[in-house]
Structure formats: C-alpha cells, structure tokens
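Trainee: Below is the structure I would like to discuss, written out as structure tokens.
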Amino acid sequence: MDKGTNRLRELGTASIPRMLLKYSLPAVIGTVVMAVYNIIDSVVIGHAIDDPNVVAGIAVTFPVMNLATALGMLIGAGAATRISIVLGQKDLPRAELILGNSVLLTILIGVTYMTLFSIFLDDILYLFGASPNTIPYAREFLLWVLPGMVLMNLTFSYNNVMRASGYPGKAMYTNLIGAGLNLILAPTFLFGFGWGIRGAAIATDISMLVTAIWVMAHFFNRKNTLHFVKGTFRFNWPIIKSVLYIGMSPFLINVAGASINAIVNNSLVRYGGDDAIAAVVVFNRFVTIFIFIVIGICQGMQPILGYNYGSGRFNRLFRTLWWAAGSAVVITTIGSLVGALNPEAIARMFMQDESQIRCAVNCLKITTITFWMVGFQVVATNFFQSLGMATKSIFLSLTRQILFMIPLLMILPPRFGLDGVWAAYPISDFVATVVAGCMLAWQLRRISRQARELHPDTLPGD
C-alpha cells in the first residue's frame with residue numbers, strides 16, 4: 001500500500017483533533033502567509049509612492065481581482081470537494097477524470113476573463129468606484145497583474161486539490177514559496193528598480209508563475225496518489241456540471257463580495273471621498289489575516305468532512321465540524337478585540353496621510369464590533385459546501401452580502417452618512433450568523449436522523 005493511500009485512510013480512522021490540526025495547520029500557515037504578503041504589497045506601495053491616492057487606487061482594484069478569484073474558485077473549490085467525496089468512495093479513476101476536466105476548464109475561463117477585463121478595464125474600474133484621482137494607479141496595477149491572476153487560479157485552486165488528495169504539508173509549501181518570492185521581489189522592484197506600482201504587480205506575476213509550476217508538477221508526478229492521466233483531458237459534461245454545482249457557492253461568495261465592494265466604494269465616494277476608500281483598504285487588509293486563518297481551518301476541515309461523508313462515518317463528521325467552528329470563533333474574537341483596541345496603530349501601517357488615518361480609525365472601531373461572530377458563519381457555509389450541498393451553501397454565501405448588506409447600504413448612509421456605511425458591516429455579520437446557526441442546527445438534526453436509520457452504530461463516538 002503506498003503512502004498516498006495511507007494518507008487517505010487516516011482521514012477516516014485517526015483522531016479528529018489530530019487530523020484537523022494536521023490538515024488545518026499547513027493550510028493556516030499557507031493562507032496567513034498569503035494574507036501577509038498581500039498586506040506587505042499594500043504597505044510597500046503605500047510608503048513607496050508619495051501620493052495618498054495610491055492607496056485608494058489599489059482599493060478600487062479589489063473587486064476586479066475578487067471576480068477573477070471567483071472564476072478560479074468556481075472550478076477549483078468544486079473539484080476539491082468532488083475529489084474528496086469520490087476518494088472516500090474509493091473511486092480513484094473518477095477523481096482523475098475530475099482533475100483533468102477541471103484544469104482544462106480553469107485555463108479556458110482564465111484566458112477568457114483576462115481578455116475581457118483588458119478590453120473594458122476603465123469602464124469596470126469606474127463601475128467599482130474609481131475617480132479621476134485614483135484610476136491611473138488602478139489601471140496600471142491591473143494591466144500588469146491580470147496575467148498573474150490566471151496563474152493564481154491554477155495555484156490556489158489545485159493547491160486545494162493537492163490537500164484534498166492527502167498532501168497538506170506540500171500544499172503549505174505552495175503558499176510559502178509564493179509569499180517568499182513576493183516578499184523579496186516587491187520591495188526590490190518598487191524601491192530598488194523604481195518601477196512604481198507596476199513593480200508590485202510584476203512581483204506578483206513572477207511569484208504566481210513559480211507556484212503554478214510547483215503545483216502542476218505535483219500532478220504530473222505519477223508517484224502521487226492523484227495525478228494527470230492520459231484520456232482525462234477531454235471535456236466530460238456530467239463531470240463539469242457536478243464540479244460547477246459545488247463550486248457555485250464560493251464563486252457566488254466572491255461575486256457577491258465584488259458587487260458589495262462596488263456598492264460600498266460608490267457609497268464611500270459619495271459620503272467620505274477618497275479618504276474613505278483608502279480607509280476600507282485598512283479594514284479589508286486587517287480582517288483578511290483572521291479570515292484567512294479561518295479559511296485555512298475550513299480547508300483542513302474540507303477533506304476530512306468530504307471523505308467521512310462519502311464513507312458514511314457521520315460521528316467523525318460532527319466532531320470535525322465542532323472542532324473547526326470552535327477554533328474559528330476563537331480566531332475572529334481575537335481579531336475583533338485587536339481591531340477595537342488598536343485601530344490607530346493598524347491604520348498607520350498602511351498610510352501616512354493624517355486625514356486618511358482618522359477615517360480608518362473610525363472605520364475599524366465600528367466594523368469590528370461583531371466580527372467575532374464571522375468565524376462561525378464561514379465554517380457553517382463551508383460545512384454545506386464540503387458535503388456537496390451546494391444550494392444551502394450558496395444561500396448562506398449570499399445572506400450577508402446580498403440579502404442583508406445591500407439593503408443596509410441603502411437605508412443607513414442617507415441617514416447616518418459615512419458611519420452608516422461602516423455600521424452596515426457589523427449588523428449584516430450578526431444577522432447572517434443567526435441564519436447560519438439556524439440552518440446548521442436543522443441540517444445536523446436531519447443528518448443524525450438519517451444516520452440512525454441507516455447506520456445505528458455510527459453516532460455514539462469513535
């Protein structure tokens with residue numbers, strides 16, 4: 001029996017806390033490193049270019065990059081979940097077919113969106129809140145970074161597949177390699193070569209090229225449990241539909257995020273100007289650290305849930321969920337406290353202009369009030385996705401950003417101004433978490449009832 005098979009078997013037999021730590025810790029390290037190097041990009045750009053509009057210009061690019069990420073996750077997240085489930089069912093040939101189809105589709109979609117974004121770039125940026133002062137920076141950054149976004153889709157999407165097929169440690173190295181390169185190249189290109197904002201974009205492109213090669217090389221190695229097999233690089237529409245069905249949830253999360261960013265940015269321009277746009281960069285970059293830790297926990301949780309759901313080990317399913325949810329809430333509670341108690345220190349990391357700093361401090365004080373609840377909401381959403389329950393995952397994905405955030409942005413700012421924009425964040429976090437808790441409780445009761453009927457001996461414990 002090879003090492004890869006042993007790695008998969010322990011998903012269904014080893015201690016849950018140990019397995020969650022084994023799979024989540026590398027994922028957390030990798031995602032946090034990625035968050036840190038994104039933050040370093042913002043810090044370096046904000047201090048290397050002596051123009052307060054540069055921070056706001058970078059903020060305007062976030063929704064566009066979120067859309068590109070969403071299109072990558074549409075395939076990558078769906079592929080990772082499907083592969084986990086079929087590996088739990090001991091169906092390796094089907095897992096190989098999913099892998100081959102998914103890579104082809106990722107490349108096709110990536111080239112398509114890169115072309116369309118390049119053609120309509122200015123129109124898209126103005127839609128997402130660019131102003132005449134900020135669009136030169138936003139345009140220059142995106143034009144250079146777009147090729148790297150396609151490589152980023154390959155890197156991150158199939159890094160998840162690598163983890164799902166039993167290689168969590170190797171998946172961690174993907175992010176460490178990319179972050180290390182970017183940490184070296186970005187300051188070198190900005191300060192050493194004087195390339196300005198395009199230097200940061202080129203550093204990202206090079207980092208993503210190297211990590212994409214690293215990830216793809218793993219799947220070309222026939223010694224690994226899951227690898228590319230001749231005959232799987234032909235579109236199989238039932239496979240593609242099954243991948244898209246599950247991938248629709250993270251795709252819609254990112255699309256909703258891009259849409260909300262567009263609405264928020266336009267509200268910020270109206271009620272606070274470019275200073276408010278810059279302030280939201282600080283909030284987004286700060287919470288990204290804690291959200292990425294939670295995402296790492298969810299990435300570690302996903303193969304354990306998928307494998308045990310596919311093999312009918314429901315007791316392990318429940319224990320994995322509660323360990324992950326508890327860990328996530330601890331993380332976001334720390335983030336909530338840090339943001340509330342140290343807003344000025346956080347703001348000064350990213351910007352030098354005093355009016356922008358004052359705006360960012362006010363933003364952090366309000367937006368982090370209920371951030372401690374977000375960890376549970378994210379884990380609940382990923383629970384449904386990991387089990388292939390795409391409709392429920394999609395609904396939870398949309399509650400905070402579409403069902404609650406948009407109406408709040410229409411109601412609060414006309415009455416409370418800029419503070420109304422900031423207040424929309426904690427209110428929507430609270431309501432979305434309540435909805436997620438109700439849905440999760442209902443689903444767990446349903447799974448417990450079905451499990452007792454089908455496998456009455458699976459629920460008491462390990």
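Naming works like this for the structure tokens: A, B, ... for the chains as they're shown, residue 1 at the start of each chain, ligands 1 onward in shown order.
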Write out as a tab-separated table the residues of stretch 302-374 of chain A that have any atom within 10 Å of an atom of stretch 429-444 of chain A, one row each with the nearest atom pair and its distance in Å to one decimal, counting only C-alpha atoms, sorted by chain and then rising number.
Mentor:
residue	atom	partner	partner_atom	distance
A:Leu317	CA	A:Leu444	CA	10.0
A:Phe318	CA	A:Leu444	CA	8.0
A:Thr367	CA	A:Asp429	CA	9.5
A:Thr368	CA	A:Asp429	CA	9.8
A:Ile369	CA	A:Asp429	CA	9.5
A:Thr370	CA	A:Phe430	CA	6.4
A:Phe371	CA	A:Asp429	CA	6.9
A:Trp372	CA	A:Asp429	CA	9.2
A:Met373	CA	A:Thr433	CA	6.6
A:Val374	CA	A:Asp429	CA	6.4
Trainee: Can you write out the residues you just picked, keeping C-alpha atoms, as a PDB file, in the first residue's frame?
Mentor:
ATOM      1  CA  LEU A 317     -18.363  14.423  10.530  1.00  0.00           C
ATOM      2  CA  PHE A 318     -19.977  16.083  13.559  1.00  0.00           C
ATOM      3  CA  THR A 367     -16.804  47.459  11.613  1.00  0.00           C
ATOM      4  CA  THR A 368     -15.137  45.088  14.094  1.00  0.00           C
ATOM      5  CA  ILE A 369     -17.942  45.176  16.710  1.00  0.00           C
ATOM      6  CA  THR A 370     -19.452  41.830  15.641  1.00  0.00           C
ATOM      7  CA  PHE A 371     -16.506  40.473  13.674  1.00  0.00           C
ATOM      8  CA  TRP A 372     -16.057  37.806  16.373  1.00  0.00           C
ATOM      9  CA  MET A 373     -19.146  36.022  15.006  1.00  0.00           C
ATOM     10  CA  VAL A 374     -17.843  35.720  11.451  1.00  0.00           C
TER      11      VAL A 374
END
Trainee: Residues near A:Ala138, anyone? I mean within 7 Å using only C-alpha atoms, not counting same-chain ones fewer than 3 positions away, as a list of chain:residue names.
Mentor: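 The neighbour list is A:Gly57, A:Ile58, A:Val60, A:Thr61, A:Thr134, A:Ile135, A:Phe141, A:Leu142.
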Trainee: Just N, CA and C atoms for this one: save the residues we selected as a tab-separated table (two decimals), in the first residue's frame.
Mentor:
chain	number	residue	atom	x	y	z
A	57	GLY	N	-6.44	53.95	-4.97
A	57	GLY	CA	-6.39	53.32	-6.30
A	57	GLY	C	-6.28	51.81	-6.21
A	58	ILE	N	-5.47	51.31	-5.27
A	58	ILE	CA	-5.36	49.87	-5.07
A	58	ILE	C	-6.68	49.30	-4.58
A	60	VAL	N	-9.65	50.16	-5.31
A	60	VAL	CA	-10.60	50.03	-6.41
A	60	VAL	C	-10.37	48.75	-7.20
A	61	THR	N	-9.13	48.22	-7.16
A	61	THR	CA	-8.83	47.00	-7.92
A	61	THR	C	-9.33	45.74	-7.22
A	134	THR	N	-7.81	58.41	-8.77
A	134	THR	CA	-7.33	57.07	-8.42
A	134	THR	C	-7.19	56.13	-9.61
A	135	ILE	N	-7.86	56.43	-10.71
A	135	ILE	CA	-7.88	55.45	-11.81
A	135	ILE	C	-6.51	55.24	-12.46
A	141	PHE	N	-1.88	49.08	-12.20
A	141	PHE	CA	-1.70	47.86	-11.42
A	141	PHE	C	-2.40	46.68	-12.08
A	142	LEU	N	-3.66	46.86	-12.48
A	142	LEU	CA	-4.42	45.74	-13.03
A	142	LEU	C	-3.90	45.27	-14.38
Trainee: Residues within 9 Å of A:Leu99, please, as a PyMOL selection string. Count only C-alpha atoms; anything in the same chain fewer than 2 positions from it doesn't count.
Mentor: chain A and resi 79-80+83+94-97+101-104+158+161+226-228+232-233
Trainee: Write out as an NGL selection string each polymer residue whose atoms come within 10 Å of A:Ala340, counting only C-alpha atoms; drop sequence neighbours fewer than 5 positions from it.
Mentor: :A and (335 or 361-369)
Trainee: Quote the spacing between atom CA of A:Ala27 and atom CA of A:Ser428 in Å to one decimal place.
Mentor: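 Going from atom CA of A:Ala27 over to atom CA of A:Ser428, I get 27.6 Å.
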Trainee: Using only C-alpha atoms, find the one residue out of A:Glu354, A:Asp274, A:Glu344, A:Asp205 that sits nearest to A:Ala59.
Mentor: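 So, comparing all the options, the nearest one is A:Asp274.
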